[in-house]
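Q: The structure file entry_36.cif (mmCIF, C-alpha atoms and all ligand atoms) is provided below.
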data_input
#
loop_
_atom_site.label_atom_id
_atom_site.label_comp_id
_atom_site.auth_asym_id
_atom_site.auth_seq_id
_atom_site.Cartn_x
_atom_site.Cartn_y
_atom_site.Cartn_z
CA MET A 1 33.45 14.82 -8.20
CA ALA A 2 30.26 12.87 -7.52
CA ARG A 3 28.68 11.60 -4.32
CA ILE A 4 27.62 7.99 -4.74
CA VAL A 5 26.16 5.15 -2.71
CA MET A 6 27.37 1.69 -3.75
CA LYS A 7 25.37 -1.34 -2.54
CA PHE A 8 26.70 -4.92 -2.57
CA GLY A 9 24.38 -7.91 -2.11
CA GLY A 10 25.03 -11.27 -0.48
CA THR A 11 26.74 -13.03 -3.40
CA SER A 12 29.07 -10.06 -3.93
CA VAL A 13 30.38 -10.44 -0.35
CA SER A 14 29.97 -14.22 -0.01
CA ASN A 15 33.62 -14.90 0.92
CA THR A 16 36.80 -12.99 1.74
CA ASP A 17 38.04 -12.98 -1.90
CA ARG A 18 34.74 -11.43 -3.02
CA ILE A 19 35.03 -8.85 -0.22
CA LYS A 20 38.53 -7.95 -1.46
CA ASN A 21 37.08 -7.63 -4.97
CA VAL A 22 34.39 -5.27 -3.62
CA ALA A 23 37.11 -3.23 -1.90
CA CYS A 24 38.83 -2.79 -5.30
CA LEU A 25 35.55 -1.60 -6.89
CA VAL A 26 35.08 0.93 -4.08
CA LYS A 27 38.71 2.08 -4.31
CA ALA A 28 38.26 2.70 -8.05
CA GLU A 29 35.42 5.17 -7.31
CA VAL A 30 37.43 6.82 -4.52
CA ASP A 31 40.42 7.18 -6.88
CA LEU A 32 38.15 9.07 -9.31
CA GLY A 33 37.72 11.66 -6.54
CA ASN A 34 34.19 10.61 -5.56
CA GLU A 35 32.65 10.68 -2.09
CA VAL A 36 31.50 7.13 -1.42
CA ALA A 37 29.17 5.47 1.09
CA VAL A 38 28.87 1.69 0.78
CA VAL A 39 25.89 -0.38 1.96
CA VAL A 40 26.40 -4.12 2.32
CA SER A 41 24.24 -7.20 2.90
CA ALA A 42 25.20 -10.26 4.89
CA MET A 43 27.21 -13.00 3.13
CA SER A 44 24.84 -15.05 0.96
CA GLY A 45 23.08 -17.77 2.95
CA THR A 46 23.86 -16.15 6.32
CA THR A 47 20.46 -14.49 6.85
CA ASP A 48 18.69 -17.73 5.79
CA GLN A 49 20.68 -19.60 8.44
CA LEU A 50 19.87 -16.99 11.09
CA VAL A 51 16.14 -17.33 10.27
CA VAL A 52 16.40 -21.14 10.59
CA TRP A 53 18.01 -20.76 14.03
CA THR A 54 15.30 -18.39 15.29
CA ASN A 55 12.64 -20.88 14.14
CA ALA A 56 14.49 -23.78 15.76
CA VAL A 57 14.38 -22.23 19.22
CA ALA A 58 10.86 -20.80 19.00
CA GLN A 59 8.28 -21.34 16.24
CA MET A 60 7.27 -17.71 15.70
CA LYS A 61 3.90 -16.53 14.41
CA GLY A 62 5.47 -13.38 13.01
CA SER A 63 8.70 -11.53 13.36
CA SER A 64 9.56 -10.22 16.80
CA ARG A 65 12.06 -7.97 18.55
CA GLU A 66 14.45 -10.85 19.22
CA TYR A 67 14.05 -12.22 15.67
CA ASP A 68 15.39 -8.89 14.42
CA VAL A 69 18.29 -8.93 16.90
CA VAL A 70 19.36 -12.28 15.43
CA VAL A 71 18.73 -11.79 11.69
CA ALA A 72 20.32 -8.31 11.62
CA SER A 73 23.62 -9.74 12.83
CA GLY A 74 24.85 -11.03 9.44
CA GLU A 75 25.50 -7.50 8.19
CA GLN A 76 27.78 -6.72 11.15
CA ILE A 77 30.34 -9.22 9.85
CA THR A 78 30.46 -7.85 6.30
CA VAL A 79 30.74 -4.15 7.22
CA GLY A 80 33.72 -4.90 9.46
CA LEU A 81 35.45 -7.11 6.89
CA LEU A 82 34.93 -4.63 4.05
CA ALA A 83 36.24 -1.71 6.12
CA LEU A 84 39.34 -3.79 6.94
CA ALA A 85 39.82 -4.78 3.27
CA LEU A 86 39.58 -1.11 2.24
CA GLN A 87 42.06 -0.04 4.91
CA ASN A 88 44.38 -2.77 3.64
CA LEU A 89 44.27 -1.12 0.19
CA GLY A 90 45.18 2.23 1.75
CA VAL A 91 41.64 3.61 1.59
CA LYS A 92 40.43 5.42 4.75
CA ALA A 93 37.23 3.59 5.74
CA LYS A 94 35.03 3.09 8.78
CA SER A 95 32.23 0.58 9.43
CA TRP A 96 28.84 1.58 10.84
CA LEU A 97 25.83 -0.39 12.08
CA ALA A 98 22.44 1.16 11.33
CA TRP A 99 21.72 2.10 14.98
CA GLN A 100 24.98 4.06 15.12
CA ILE A 101 24.12 6.27 12.13
CA PRO A 102 21.09 6.04 13.02
CA PHE A 103 18.56 4.72 10.49
CA TYR A 104 15.33 5.53 12.38
CA THR A 105 12.45 3.15 11.55
CA ASP A 106 8.96 2.36 12.79
CA CYS A 107 8.39 -0.58 15.18
CA VAL A 108 7.22 -3.22 12.68
CA HIS A 109 9.69 -6.02 13.35
CA GLY A 110 10.71 -8.00 10.28
CA ASN A 111 9.21 -5.43 7.91
CA ALA A 112 10.13 -2.01 9.31
CA ARG A 113 10.00 1.21 7.28
CA ILE A 114 12.72 3.84 7.38
CA VAL A 115 11.37 7.09 8.80
CA ARG A 116 14.53 9.22 8.75
CA ILE A 117 18.29 8.82 8.41
CA ASP A 118 20.65 11.11 10.30
CA THR A 119 23.48 11.61 7.83
CA SER A 120 25.73 13.80 10.00
CA ILE A 121 28.21 11.00 10.83
CA ILE A 122 28.62 10.05 7.18
CA ARG A 123 28.99 13.67 6.06
CA LYS A 124 31.72 14.00 8.73
CA ASP A 125 33.43 10.89 7.28
CA PHE A 126 33.26 12.46 3.81
CA GLY A 127 34.81 15.64 5.21
CA GLU A 128 37.71 13.54 6.53
CA GLY A 129 38.14 11.75 3.19
CA LYS A 130 36.74 8.47 4.58
CA VAL A 131 34.48 5.86 3.00
CA ALA A 132 31.50 5.03 5.24
CA VAL A 133 30.69 1.29 5.16
CA VAL A 134 27.11 0.92 6.39
CA ALA A 135 25.13 -2.20 7.36
CA GLY A 136 22.06 -2.60 5.17
CA PHE A 137 18.76 -4.22 6.18
CA GLN A 138 18.84 -2.83 9.74
CA GLY A 139 17.31 0.08 11.62
CA ILE A 140 16.41 1.25 15.09
CA ALA A 141 12.86 1.80 16.39
CA PRO A 142 11.83 4.70 18.68
CA ASN A 143 11.92 2.28 21.67
CA LYS A 144 15.61 1.53 20.85
CA SER A 145 14.86 -2.00 19.52
CA ILE A 146 16.81 -3.25 16.50
CA THR A 147 14.54 -3.63 13.46
CA THR A 148 14.95 -5.18 10.00
CA LEU A 149 13.40 -3.97 6.75
CA GLY A 150 12.18 -7.30 5.30
CA ARG A 151 14.13 -9.84 3.25
CA GLY A 152 16.14 -8.18 0.48
CA GLY A 153 15.83 -4.86 2.34
CA SER A 154 19.41 -3.65 2.01
CA ASP A 155 18.53 -2.27 -1.46
CA THR A 156 16.09 0.00 0.37
CA SER A 157 18.75 0.97 2.94
CA ALA A 158 21.05 2.01 0.08
CA VAL A 159 18.47 3.99 -1.88
CA ALA A 160 17.13 5.72 1.25
CA LEU A 161 20.69 6.62 2.28
CA ALA A 162 21.44 7.98 -1.20
CA VAL A 163 18.32 10.17 -1.07
CA SER A 164 19.16 11.43 2.44
CA LEU A 165 22.76 12.19 1.42
CA GLU A 166 21.53 13.96 -1.74
CA ALA A 167 23.81 11.58 -3.64
CA ASP A 168 24.18 11.84 -7.42
CA ARG A 169 23.34 8.17 -7.89
CA CYS A 170 22.98 4.76 -6.24
CA ASP A 171 24.72 1.76 -7.82
CA ILE A 172 23.28 -1.64 -6.85
CA TYR A 173 25.90 -4.35 -7.45
CA THR A 174 24.63 -7.93 -7.61
CA ASP A 175 25.39 -11.37 -9.11
CA VAL A 176 23.85 -10.71 -12.56
CA GLU A 177 24.69 -8.01 -15.14
CA GLY A 178 21.50 -6.01 -14.56
CA VAL A 179 17.74 -6.36 -14.85
CA TYR A 180 16.83 -9.08 -17.35
CA THR A 181 13.71 -9.85 -19.36
CA THR A 182 13.10 -12.55 -16.74
CA ASP A 183 15.16 -14.31 -14.07
CA PRO A 184 18.33 -15.35 -15.97
CA HIS A 185 19.07 -18.07 -13.43
CA PHE A 186 15.75 -19.76 -14.35
CA ILE A 187 15.32 -18.99 -18.05
CA THR A 188 18.60 -19.10 -19.97
CA LYS A 189 17.35 -17.16 -23.01
CA ALA A 190 16.66 -14.10 -20.82
CA ARG A 191 18.28 -10.91 -22.09
CA LYS A 192 19.76 -7.98 -20.16
CA ILE A 193 17.76 -4.76 -20.51
CA ASP A 194 19.62 -1.42 -20.77
CA PHE A 195 16.81 0.85 -19.50
CA VAL A 196 13.73 0.13 -17.40
CA ALA A 197 11.12 2.72 -16.34
CA HIS A 198 10.60 3.18 -12.58
CA GLU A 199 6.98 2.15 -12.96
CA GLU A 200 7.90 -1.08 -14.78
CA MET A 201 10.55 -1.92 -12.19
CA LEU A 202 8.06 -1.31 -9.40
CA GLU A 203 5.60 -3.79 -10.97
CA LEU A 204 8.36 -6.34 -11.68
CA ALA A 205 9.79 -6.16 -8.15
CA SER A 206 6.38 -6.37 -6.48
CA GLN A 207 5.44 -9.34 -8.69
CA GLY A 208 8.49 -11.38 -7.67
CA ALA A 209 11.60 -10.17 -9.57
CA LYS A 210 13.81 -10.10 -6.50
CA VAL A 211 16.71 -8.32 -8.25
CA LEU A 212 15.49 -5.12 -6.51
CA HIS A 213 13.51 -4.66 -3.28
CA THR A 214 10.15 -3.09 -4.17
CA ARG A 215 10.43 -0.28 -1.62
CA ALA A 216 13.88 0.66 -2.96
CA VAL A 217 12.35 1.28 -6.38
CA ALA A 218 9.47 3.24 -4.83
CA VAL A 219 11.83 5.52 -2.87
CA ALA A 220 14.04 6.12 -5.93
CA ALA A 221 11.01 6.95 -8.07
CA LEU A 222 9.57 9.31 -5.46
CA HIS A 223 12.80 11.31 -5.20
CA GLY A 224 13.96 11.02 -8.82
CA LEU A 225 17.18 9.28 -7.75
CA PRO A 226 19.08 7.64 -10.61
CA ILE A 227 19.82 3.99 -9.84
CA GLN A 228 21.64 1.38 -11.85
CA VAL A 229 21.88 -2.37 -11.33
CA LEU A 230 25.19 -3.95 -12.32
CA SER A 231 27.42 -6.93 -11.68
CA SER A 232 30.16 -6.93 -9.04
CA LEU A 233 31.76 -9.84 -10.86
CA ASP A 234 32.40 -8.36 -14.32
CA LYS A 235 32.72 -4.91 -15.76
CA LYS A 236 29.85 -4.84 -18.27
CA PRO A 237 27.38 -1.93 -18.33
CA GLY A 238 24.28 -2.62 -16.24
CA THR A 239 20.64 -1.49 -16.29
CA SER A 240 19.57 2.09 -15.57
CA ILE A 241 16.20 2.65 -13.91
CA VAL A 242 14.88 5.86 -15.48
CA GLU A 243 11.82 8.09 -15.77
CA GLU A 244 9.37 6.75 -18.35
CA GLY A 245 9.89 9.88 -20.47
CA GLU A 246 13.59 9.02 -20.83
CA LEU A 247 12.84 5.72 -22.59
CA VAL A 248 13.66 5.95 -26.27
CA GLU A 249 11.56 2.92 -27.17
CA LYS A 250 8.59 1.79 -25.12
CA GLN A 251 8.37 -1.99 -25.19
CA VAL A 252 4.91 -3.48 -25.16
CA VAL A 253 6.26 -6.15 -22.82
CA THR A 254 9.59 -5.26 -21.21
CA ALA A 255 9.95 -8.21 -18.84
CA ILE A 256 8.18 -11.10 -17.15
CA ALA A 257 8.18 -11.71 -13.39
CA TYR A 258 7.01 -14.76 -11.50
CA SER A 259 6.19 -15.69 -7.95
CA THR A 260 5.93 -19.16 -6.44
CA ASP A 261 4.97 -17.87 -3.01
CA GLU A 262 1.24 -18.06 -3.78
CA ALA A 263 -1.82 -19.79 -2.34
CA LYS A 264 -5.33 -19.69 -3.78
CA VAL A 265 -8.21 -19.73 -1.30
CA THR A 266 -11.91 -20.19 -2.19
CA LEU A 267 -14.84 -19.67 0.14
CA ILE A 268 -17.77 -21.64 -1.25
CA GLY A 269 -21.41 -20.69 -0.72
CA LEU A 270 -21.25 -17.26 0.87
CA THR A 271 -24.56 -15.44 1.30
CA ASP A 272 -24.91 -12.85 -1.47
CA CYS A 273 -25.57 -9.69 0.58
CA PRO A 274 -23.80 -6.37 1.24
CA GLY A 275 -21.01 -6.36 3.84
CA VAL A 276 -19.98 -10.03 3.64
CA VAL A 277 -16.84 -9.49 1.56
CA GLY A 278 -15.98 -6.41 3.63
CA THR A 279 -16.12 -8.46 6.84
CA ILE A 280 -13.79 -11.09 5.37
CA PHE A 281 -11.13 -8.68 4.11
CA GLU A 282 -11.31 -6.58 7.27
CA ALA A 283 -10.56 -9.68 9.36
CA LEU A 284 -7.66 -10.62 7.05
CA ALA A 285 -6.25 -7.07 7.17
CA ASP A 286 -6.49 -7.06 10.98
CA ALA A 287 -4.37 -10.23 10.95
CA ASP A 288 -1.77 -8.41 8.75
CA ILE A 289 -2.49 -10.64 5.75
CA ASN A 290 -2.01 -9.14 2.29
CA VAL A 291 -4.57 -10.25 -0.29
CA ASP A 292 -3.64 -10.04 -3.97
CA MET A 293 -5.92 -11.36 -6.76
CA ILE A 294 -9.67 -11.40 -5.95
CA VAL A 295 -12.58 -12.90 -7.92
CA GLN A 296 -16.21 -13.25 -6.84
CA SER A 297 -18.58 -15.44 -8.83
CA VAL A 298 -22.31 -16.00 -8.41
CA SER A 299 -23.44 -19.60 -7.90
CA GLN A 300 -25.86 -21.16 -10.35
CA SER A 301 -28.84 -20.75 -8.00
CA GLY A 302 -28.06 -17.03 -7.80
CA ASN A 303 -28.46 -16.90 -3.98
CA PHE A 304 -24.87 -17.62 -3.06
CA VAL A 305 -21.41 -16.48 -4.18
CA ASP A 306 -17.99 -18.13 -4.24
CA LEU A 307 -15.09 -15.85 -3.30
CA THR A 308 -11.56 -16.67 -4.50
CA PHE A 309 -8.40 -14.77 -3.60
CA THR A 310 -4.64 -15.29 -3.34
CA VAL A 311 -2.29 -14.77 -0.39
CA SER A 312 1.35 -15.58 0.33
CA SER A 313 1.61 -19.37 0.80
CA SER A 314 3.40 -18.81 4.13
CA ASN A 315 0.15 -17.24 5.45
CA ILE A 316 -2.18 -20.09 4.53
CA ASN A 317 -2.63 -21.51 8.05
CA LEU A 318 -3.28 -18.07 9.48
CA VAL A 319 -5.84 -17.36 6.71
CA CYS A 320 -7.71 -20.60 7.47
CA ASN A 321 -7.75 -19.77 11.18
CA VAL A 322 -9.17 -16.30 10.53
CA LEU A 323 -11.84 -17.68 8.16
CA ASN A 324 -12.80 -20.48 10.56
CA VAL A 325 -13.48 -17.90 13.25
CA LEU A 326 -15.84 -16.09 10.84
CA LYS A 327 -17.69 -19.24 9.78
CA LYS A 328 -20.44 -18.98 12.41
CA ASP A 329 -21.29 -15.38 11.42
CA LEU A 330 -20.94 -15.76 7.64
CA GLY A 331 -22.34 -19.27 7.24
CA TYR A 332 -20.34 -20.26 4.16
CA ILE A 333 -20.35 -23.91 3.11
CA ASP A 334 -16.63 -24.71 2.80
CA ILE A 335 -13.06 -23.39 2.41
CA VAL A 336 -10.75 -24.94 -0.20
CA TYR A 337 -7.19 -23.89 -0.81
CA ASN A 338 -4.32 -24.78 -3.15
CA THR A 339 -0.65 -23.94 -2.61
CA MET A 340 0.52 -25.62 -5.83
CA VAL A 341 0.00 -22.44 -7.85
CA CYS A 342 2.27 -19.68 -9.17
CA LYS A 343 1.75 -16.24 -10.65
CA ILE A 344 3.26 -14.98 -13.90
CA SER A 345 3.16 -11.24 -14.70
CA VAL A 346 4.02 -9.58 -18.01
CA VAL A 347 4.97 -5.91 -17.63
CA GLY A 348 5.58 -3.06 -20.07
CA VAL A 349 4.69 0.64 -20.33
CA GLY A 350 3.87 0.26 -24.04
CA MET A 351 0.89 -1.90 -23.00
CA ARG A 352 -1.09 1.28 -22.26
CA SER A 353 -1.45 2.04 -25.94
CA GLU A 354 -1.07 -1.36 -27.57
CA PRO A 355 -4.05 -3.73 -27.85
CA GLY A 356 -3.59 -7.50 -28.07
CA VAL A 357 -1.16 -8.09 -25.20
CA ALA A 358 -3.68 -10.18 -23.26
CA LYS A 359 -4.62 -12.08 -26.41
CA ILE A 360 -1.00 -13.19 -26.92
CA MET A 361 -0.76 -14.29 -23.29
CA PHE A 362 -3.98 -16.31 -23.25
CA ARG A 363 -3.40 -17.88 -26.67
CA THR A 364 0.19 -18.85 -25.83
CA LEU A 365 -0.83 -20.49 -22.56
CA ALA A 366 -3.72 -22.28 -24.29
CA GLU A 367 -1.36 -23.65 -26.96
CA CYS A 368 0.75 -25.11 -24.14
CA GLY A 369 -2.37 -26.68 -22.60
CA ILE A 370 -2.08 -24.49 -19.51
CA ASN A 371 -5.26 -23.58 -17.67
CA ILE A 372 -5.54 -20.03 -16.29
CA GLN A 373 -7.04 -20.04 -12.79
CA LEU A 374 -7.16 -16.29 -12.05
CA ILE A 375 -6.33 -13.07 -13.90
CA SER A 376 -5.53 -9.58 -12.63
CA THR A 377 -4.35 -6.48 -14.46
CA SER A 378 -3.01 -2.97 -14.03
CA GLU A 379 -2.44 -0.37 -16.73
CA ILE A 380 1.00 -1.83 -17.51
CA ARG A 381 0.73 -5.44 -16.23
CA ILE A 382 -1.23 -8.64 -16.81
CA SER A 383 -0.91 -11.42 -14.23
CA VAL A 384 -2.20 -14.96 -14.36
CA LEU A 385 -2.33 -17.67 -11.72
CA ILE A 386 -1.54 -21.15 -13.03
CA SER A 387 -0.60 -24.55 -11.65
CA SER A 388 3.02 -24.43 -10.40
CA GLY A 389 3.99 -27.51 -12.43
CA TYR A 390 3.69 -25.39 -15.59
CA LEU A 391 5.83 -22.45 -14.43
CA LYS A 392 8.90 -23.04 -16.59
CA LEU A 393 6.95 -24.07 -19.68
CA ALA A 394 4.74 -20.98 -19.41
CA LEU A 395 7.65 -18.60 -18.82
CA GLN A 396 9.61 -19.95 -21.77
CA ALA A 397 6.63 -19.83 -24.10
CA LEU A 398 5.62 -16.29 -23.08
CA HIS A 399 9.22 -15.06 -23.29
CA THR A 400 9.35 -16.24 -26.89
CA ALA A 401 5.83 -15.06 -27.76
CA TYR A 402 6.58 -11.49 -26.67
CA GLY A 403 9.84 -11.42 -28.65
CA LEU A 404 12.03 -11.23 -25.56
CA ASP A 405 14.45 -14.08 -26.33
CA ALA A 406 18.09 -13.13 -26.76
CA ASN A 407 18.74 -12.21 -30.46
CA CYS A 408 15.03 -11.79 -31.09
CA LYS A 409 13.33 -8.81 -32.73
CA PHE A 410 11.26 -6.73 -30.28
CA ILE A 411 7.56 -6.14 -30.58
CA LYS A 412 7.37 -2.32 -30.55
CA SER A 413 4.49 -0.08 -29.59
CA ASN A 414 3.25 2.53 -32.03
CA ASN A 415 4.23 5.60 -30.04
P1 LIG B 501 21.66 -9.56 -3.98
O1 LIG B 501 22.10 -10.57 -2.98
O2 LIG B 501 22.79 -8.97 -4.76
O3 LIG B 501 20.75 -8.53 -3.40
P2 LIG B 501 19.39 -10.99 -5.05
O4 LIG B 501 19.55 -12.48 -4.96
O5 LIG B 501 18.53 -10.33 -4.04
O6 LIG B 501 20.85 -10.35 -5.08
O7 LIG B 501 18.85 -10.57 -6.52
C1 LIG B 501 19.53 -11.00 -7.66
C2 LIG B 501 18.83 -12.21 -8.24
O8 LIG B 501 17.55 -11.81 -8.70
C3 LIG B 501 19.50 -12.78 -9.46
O9 LIG B 501 20.51 -13.70 -9.10
C4 LIG B 501 18.34 -13.45 -10.21
O10 LIG B 501 18.31 -14.85 -10.01
C5 LIG B 501 17.08 -12.84 -9.57
N1 LIG B 501 16.18 -12.24 -10.56
C6 LIG B 501 14.84 -12.45 -10.63
N2 LIG B 501 14.29 -11.79 -11.64
C7 LIG B 501 15.28 -11.11 -12.26
C8 LIG B 501 15.34 -10.23 -13.38
N3 LIG B 501 14.24 -9.89 -14.07
N4 LIG B 501 16.55 -9.71 -13.73
C9 LIG B 501 17.66 -10.03 -13.04
N5 LIG B 501 17.66 -10.87 -11.96
C10 LIG B 501 16.50 -11.40 -11.57
N1 LIG B 502 20.69 -9.98 4.31
C1 LIG B 502 19.30 -9.63 4.11
C2 LIG B 502 18.57 -10.78 3.41
O1 LIG B 502 19.18 -11.79 3.10
C3 LIG B 502 19.12 -8.33 3.37
C4 LIG B 502 19.53 -8.33 1.92
O2 LIG B 502 20.23 -9.22 1.46
O3 LIG B 502 19.15 -7.37 1.22
O4 LIG B 502 17.39 -10.68 3.21
MG MG B 503 18.70 -8.53 -2.99
#
Show me this structure written as structure tokens.
A:
Amino acid sequence: MARIVMKFGGTSVSNTDRIKNVACLVKAEVDLGNEVAVVVSAMSGTTDQLVVWTNAVAQMKGSSREYDVVVASGEQITVGLLALALQNLGVKAKSWLAWQIPFYTDCVHGNARIVRIDTSIIRKDFGEGKVAVVAGFQGIAPNKSITTLGRGGSDTSAVALAVSLEADRCDIYTDVEGVYTTDPHFITKARKIDFVAHEEMLELASQGAKVLHTRAVAVAALHGLPIQVLSSLDKKPGTSIVEEGELVEKQVVTAIAYSTDEAKVTLIGLTDCPGVVGTIFEALADADINVDMIVQSVSQSGNFVDLTFTVSSSNINLVCNVLNVLKKDLGYIDIVYNTMVCKISVVGVGMRSEPGVAKIMFRTLAECGINIQLISTSEIRISVLISSGYLKLALQALHTAYGLDANCKFIKSNN
């Protein structure tokens, strides 16, 4: 007997037939004698609609207490329906909202972090032979306010619950067969990957591969929890997220992620003296703005610098406001920004020991006539910022250049 947490995303519960299908998948695990807790998202499109409604009544600067009350409500429908569908199949099941469990979080509305999960209710359900059907994405703050974990956050609910329950594994069911070499809904020659290292998955998720929520991967890696990503719509084997040491073959490039939620900002003519850049990034951090790629270049006269960085495109107005406030003190000449940019990231643990990965990337993009605007790297990732009009062309060309296309031979590292 195993203890497992099964998580079903929006497309897997997008209508009542799909919910009945999910109930059959859960029943199959129960019939094997397993203890099962299920975490579900809202029906696909529901949370988007709830966000639109909150914006229609009040244009919000950030997420607020009432925003969370509204956007958390989609999951209440699916837990109830799934518990009913399970009961209809003769499976003992009970639905739970996150505050009832509770999932304790901090107070950061719209992007809360789970602090602790009290698992006593679910353990009691297990003792009574019941399946616990738990609402993902939600939590409760110390002041009793409802919180949400950020878009896509029910993966994190599931993984955190699995860790707290000391589950044997967490199965993340979605609308594709697993983790692919790139988004299979955008690039048709993408190939399913059988094994991905935690570290690679962390880079891919944080660079835009929304198949897993970044914090879910981080929590699983921290606690050594086995997770697999698989389809709720057909019975093929999925992708296992494993320790790097468990990989039989280390790919130089395992997969390519992309993000279109990017804006490039340049401050022209900053005085070249200590403390200027610190002042800018301190002000941005105080406004809760995450900065990603950063490049500073010295002007031709040598007395001034230009500072370029990227932020989420949804933050661009806020960034300009913050920088305008600083203009008097810093005395820069101008701000220019561009939201028609995207970021492409190639990721693979084999990159650590294999030279030439950057060369392939830059040569491939050059052959396509694509100009690279910014570059950033980690030990196992190279990212470039390019004009968004070239996204598909660049992805297709890089996918082929790194040997990732379906039926293609892999480029292997030496160790
Ligand atoms: P769910 O609602 O089940 O949580 P998501 O929409 O959040 O599903 O994530 C699944 C989607 O992630 C897929 O439909 C796919 O379009 C997208 N995706 C992006 N990159 C990848 C990738 N490398 N592998 C698989 N899916 C990816
Ligand atoms: N329903 C939430 C969202 O759409 C959480 C999730 O799907 O993981 O973001
Ligand atoms: Mg998701």
Q: Take the point (24.9, -12.8, -1.7) as written in the file and pick out every residue within 9 Å of it, counting only C-alpha atoms; give the list as a ChimeraX atom specification.
A: /A:8-14,41-46,174-175
Q: Give me, as a PyMOL selection string, the set of residues whose atoms come within 10 Å of any atom of ligand LIG 501 (chain B), counting only C-alpha atoms and all ligand atoms.
A: chain A and resi 7-14+40-45+151-155+172-187+190-193+201+204-205+207-213+229-232+239+254-259
Q: Do you have, as JSON lines, the list of residues of stretch 292-396 of chain A lying at most 12 Å from stretch 57-77 of chain A, each with its nearest atom pair and that distance in Å to one decimal, counting all atoms listed in the file and ordered by chain then number?
A:
{"residue": "A:Ser314", "atom": "CA", "partner": "A:Lys61", "partner_atom": "CA", "distance": 10.5}
{"residue": "A:Asn315", "atom": "CA", "partner": "A:Lys61", "partner_atom": "CA", "distance": 9.7}
{"residue": "A:Asn317", "atom": "CA", "partner": "A:Lys61", "partner_atom": "CA", "distance": 10.4}
{"residue": "A:Leu318", "atom": "CA", "partner": "A:Lys61", "partner_atom": "CA", "distance": 8.8}
Q: Report, in Å with one decimal, the straight-line distance from atom CA of A:Asp286 to atom CA of A:Ile316.
A: 15.2 Å
Q: Check the smallest atom-to-atom distance from each of A:Ala216, A:Val115, A:Leu284, A:Leu161 to ligand LIG 502 (chain B) using all atoms listed in the file, then report the winner.
A: A:Ala216
Q: By how many Å are atom CA of A:Thr78 and atom CA of A:Ile241 apart?
A: 26.9 Å
Q: Quick one: residues within 6 Å of stretch 366-380 of chain A, all atoms listed in the file, excluding same-chain residues fewer than 3 positions away - as a list in words?
A: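 What passes the distance filter is Val347, Gly348, Val349, Met351, Arg352, Arg363, Ser383, Val384, Leu385 and Ile386 of chain A.
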Q: I need the residue nearest ligand LIG 502 (chain B) from this list: A:Ala397, A:Ala158, A:Leu202, A:Leu82. Use only C-alpha atoms and all ligand atoms for the distance.
A: A:Ala158
Q: Is it possible to get the residues within 12 Å of (9.3, 9.5, -13.2) (coordinates as in the file, counting all atoms listed in the file) written as a ChimeraX atom specification?
A: /A:196-202,217-226,241-247
Q: I'd like the interatomic distance between atom CA of A:Gly278 and atom CA of A:Asp261, to a tenth of an Å.
A: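 So the answer is 24.8 Å.
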Q: Write out as a list in words each polymer residue whose atoms come within 8 Å of stretch 121-134 of chain A, counting all atoms listed in the file; drop sequence neighbours fewer than 5 positions from it.
A: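 In the requested form, the answer reads Glu35, Val36, Ala37, Val38, Val39, Val40, Val79, Leu82, Ala83, Val91, Lys92, Ala93, Lys94, Ser95, Trp96, Leu97, Ala98, Ile101 and Leu165 of chain A.
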Q: Do a neighbour search on A:Lys359 at 12 Å with all atoms listed in the file, toss out local chain neighbours closer than 3 positions, and write the hits as a PyMOL selection string.
A: chain A and resi 354-356+362-366+382+398+401-402
Q: Out of A:Thr54, A:Thr156, A:Thr188, A:Asn88, which residue has the shortest atom-to-atom distance to ligand MG 503 (chain B) when counting only C-alpha atoms and all ligand atoms?
A: A:Thr156
Q: With all atoms listed in the file as the atoms that count, which of A:Thr214, A:Thr339, A:Thr310, A:Thr400 lies nearest to ligand MG 503 (chain B)?
A: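 Checking each of A:Thr214, A:Thr339, A:Thr310, A:Thr400 against ligand MG 503 (chain B), counting all atoms listed in the file, the winner is A:Thr214.
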